[in-house]
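Student: Got a structure for you, questions after.
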Amino acid sequence: MSITEAVVLGIVQGLGEFLPISSSAHLVLTPWFFGWPDPGLSFDVALHLGTLVAVIAYFWRDWLTLATHGLRGTRSRESRLFWYLVVATVPGGLAGMALEKYAETTFRAPGLVGLMLIFMGLILYWADHRGPRARGIWQVGWGDAFLIGFAQALAIVPGVSRSGATIAAGRFLGLDREAATRFSFLLSLPIILGAGLFSLRHIGAQDLTLPFWVGVVTSGITGFAAIAFLLRFVVTRNFNVFVWYRGILGLLTIVTALSR
């Protein structure tokens, strides 16, 4: 892998992991469009490590507070939110382990990725515009946590988008845009950590090359920037721009797949 490829894929991962546009779809489509070789599982670990660093750097104080209250069993809103996040992590973790082989093969077909980009974009639009949604993050309940976690599990299919699915689920359940986005980002830490640890078996010392570390750094920097951007963006804006982007990219992908 060249340094240029590592930089591009790192940026793609950092932006796509947190913006509702699907990082996995972009990691499939970018080499496919440009004719680059598959970066391999070891580079996937690098990209997940970078976005893990990004979400820890941004939310470490929040997670420290939540975990302190949750593990002490205090009767507080922080304790409840911690356990809601734990519950919401379970469906995605189980789906990742059960469907790993399909995620690396069948689900990566460009035509399917294009369809999912469009379909989940429409779902995000519907969820975001179906009426006033004013619940804050402290009003999340057990049912909300399970359903958002189930939505996260769907992101095993490239094109769905982990952040897009969880934000859409939060909006369907009545959360305001900022609350749905923040819950999605907090939820990303354990699932990214779990995916990274689960994938470590695929790498060895020989994989720790310069492109590997370039991928870590670029995905980490762009991931941090994407988190900060979207949390500010949703205060005053809707998700329409991401819906349009997904639709255009999905159509381009389908047309290109058919022409090839």
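Numbering starts fresh at 1 for the residues of each chain in the structure tokens, the chains themselves are lettered A, B, ... in the order given, and ligands are numbered from 1 as they appear.
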Write out as a list in words which residues come within 10 Å of A:Ser23 when counting only C-alpha atoms, dropping same-chain ones fewer than 6 positions away.
Tutor: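 Here the answer would be Leu9, Ile11, Val12, Gln13, Gly14, Leu15, Gly16, Glu17, Leu29, Ala155, Pro158, Gly159, Val160, Ser161, Arg162 and Ser163 of chain A.
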Student: Suppose we keep C-alpha atoms; can you now write the selection as a PDB file, in the first residue's frame?
Tutor:
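Generated output (again24.pdb):
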ATOM      1  CA  LEU A   9      -8.460   5.575   3.278  1.00  0.00           C
ATOM      2  CA  ILE A  11      -9.581  10.190   5.870  1.00  0.00           C
ATOM      3  CA  VAL A  12     -12.448   8.142   4.446  1.00  0.00           C
ATOM      4  CA  GLN A  13     -12.635   6.046   7.621  1.00  0.00           C
ATOM      5  CA  GLY A  14     -12.410   8.998   9.986  1.00  0.00           C
ATOM      6  CA  LEU A  15     -15.194  10.909   8.262  1.00  0.00           C
ATOM      7  CA  GLY A  16     -17.374   7.930   7.423  1.00  0.00           C
ATOM      8  CA  GLU A  17     -17.287   6.367  10.898  1.00  0.00           C
ATOM      9  CA  LEU A  29     -15.958   1.612  -2.864  1.00  0.00           C
ATOM     10  CA  ALA A 155     -24.446  -1.714  10.201  1.00  0.00           C
ATOM     11  CA  PRO A 158     -21.641  -1.831   4.302  1.00  0.00           C
ATOM     12  CA  GLY A 159     -23.783   1.088   3.226  1.00  0.00           C
ATOM     13  CA  VAL A 160     -26.052   1.044   6.265  1.00  0.00           C
ATOM     14  CA  SER A 161     -23.790   3.256   8.431  1.00  0.00           C
ATOM     15  CA  ARG A 162     -23.441   2.634  12.147  1.00  0.00           C
ATOM     16  CA  SER A 163     -23.940   6.296  13.006  1.00  0.00           C
TER      17      SER A 163
END
Student: Would you pick out the contacts of stretch 132-143 of chain A at 7 Å or less, using only C-alpha atoms, so that residues sharing its chain but fewer than 6 positions from it are not included, and give the list as a list of chain:residue names?
Tutor: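 Non-adjacent residues within range: A:Arg77, A:Tyr84, A:Arg171, A:Gly174, A:Leu175, A:Asp176, A:Ala179, A:Phe183.
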Student: Give me the residues near A:Arg232 as a CSV table (one decimal) with N, CA, C and O atoms, in the first residue's frame, where near means some atom within 12 Å (using only C-alpha atoms) and where sequence neighbours in that chain fewer than 6 positions away do not count.
Tutor:
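Written file, result37.csv:
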chain,number,residue,atom,x,y,z
A,177,ARG,N,-32.1,15.9,17.7
A,177,ARG,CA,-31.0,15.6,16.9
A,177,ARG,C,-29.7,15.5,17.7
A,177,ARG,O,-28.9,14.6,17.5
A,178,GLU,N,-29.5,16.4,18.6
A,178,GLU,CA,-28.3,16.4,19.4
A,178,GLU,C,-28.2,15.2,20.3
A,178,GLU,O,-27.1,14.6,20.4
A,179,ALA,N,-29.3,14.8,20.9
A,179,ALA,CA,-29.3,13.7,21.8
A,179,ALA,C,-29.1,12.4,21.0
A,179,ALA,O,-28.3,11.5,21.5
A,181,THR,N,-27.5,12.0,18.2
A,181,THR,CA,-26.2,12.0,17.7
A,181,THR,C,-25.2,11.7,18.8
A,181,THR,O,-24.2,10.9,18.7
A,182,ARG,N,-25.4,12.3,20.0
A,182,ARG,CA,-24.4,12.1,21.1
A,182,ARG,C,-24.5,10.7,21.6
A,182,ARG,O,-23.5,10.0,21.9
A,225,ALA,N,-12.3,15.4,14.2
A,225,ALA,CA,-12.9,16.5,13.5
A,225,ALA,C,-14.4,16.3,13.1
A,225,ALA,O,-15.2,17.1,13.2
A,226,ALA,N,-14.6,15.0,12.7
A,226,ALA,CA,-16.0,14.7,12.3
A,226,ALA,C,-17.0,14.7,13.4
A,226,ALA,O,-18.1,15.2,13.3
A,238,ASN,N,-30.6,19.9,9.7
A,238,ASN,CA,-31.1,18.6,9.6
A,238,ASN,C,-30.1,17.7,8.9
A,238,ASN,O,-29.0,18.2,8.6
Student: Counting only C-alpha atoms, which residue out of A:Val235, A:Ala25, A:Ala153, A:Ala257 sits closest to A:Val90?
Tutor: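 Checking each of A:Val235, A:Ala25, A:Ala153, A:Ala257 against A:Val90, counting only C-alpha atoms, the winner is A:Ala153.
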Student: Excluding same-chain residues fewer than 2 positions from A:Phe82, what lies within 7 Å of it counting only C-alpha atoms, as a short mmCIF file (atom, residue, chain, number, x, y, z; two decimals) with N, CA and C atoms, in the first residue's frame?
Tutor:
data_model
loop_
_atom_site.label_atom_id
_atom_site.label_comp_id
_atom_site.auth_asym_id
_atom_site.auth_seq_id
_atom_site.Cartn_x
_atom_site.Cartn_y
_atom_site.Cartn_z
N LEU A 66 -19.65 8.40 33.39
CA LEU A 66 -20.70 7.40 33.29
C LEU A 66 -20.27 6.07 33.92
N ALA A 67 -19.04 5.65 33.63
CA ALA A 67 -18.56 4.37 34.16
C ALA A 67 -18.40 4.43 35.68
N GLY A 70 -21.90 4.18 36.98
CA GLY A 70 -22.51 2.89 36.64
C GLY A 70 -21.94 1.73 37.41
N GLU A 78 -26.55 9.34 35.31
CA GLU A 78 -25.32 8.88 34.69
C GLU A 78 -25.19 7.37 34.77
N SER A 79 -25.58 6.79 35.90
CA SER A 79 -25.53 5.35 36.06
C SER A 79 -26.48 4.66 35.09
N ARG A 80 -27.69 5.20 34.98
CA ARG A 80 -28.67 4.61 34.05
C ARG A 80 -28.18 4.68 32.61
N TYR A 84 -27.57 1.68 29.90
CA TYR A 84 -28.27 1.71 28.62
C TYR A 84 -27.27 1.52 27.47
N LEU A 85 -26.12 2.14 27.57
CA LEU A 85 -25.08 2.00 26.54
C LEU A 85 -24.54 0.57 26.51
N VAL A 86 -24.40 -0.04 27.68
CA VAL A 86 -23.95 -1.43 27.73
C VAL A 86 -24.95 -2.33 27.02
#
Student: So, with only C-alpha atoms as the atoms that count, which of A:Leu27, A:Ala95, A:Leu251, A:Val87 lies closest to A:His48?
Tutor: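 Of A:Leu27, A:Ala95, A:Leu251, A:Val87, the one nearest A:His48, counting only C-alpha atoms, is A:Leu27.
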Student: What residues in stretch 60-139 of chain A get the DSSP label alpha helix (DSSP H)? Please answer as a VMD selection string.
Tutor: chain A and resid 60 to 72 77 to 98 100 to 104 110 to 129
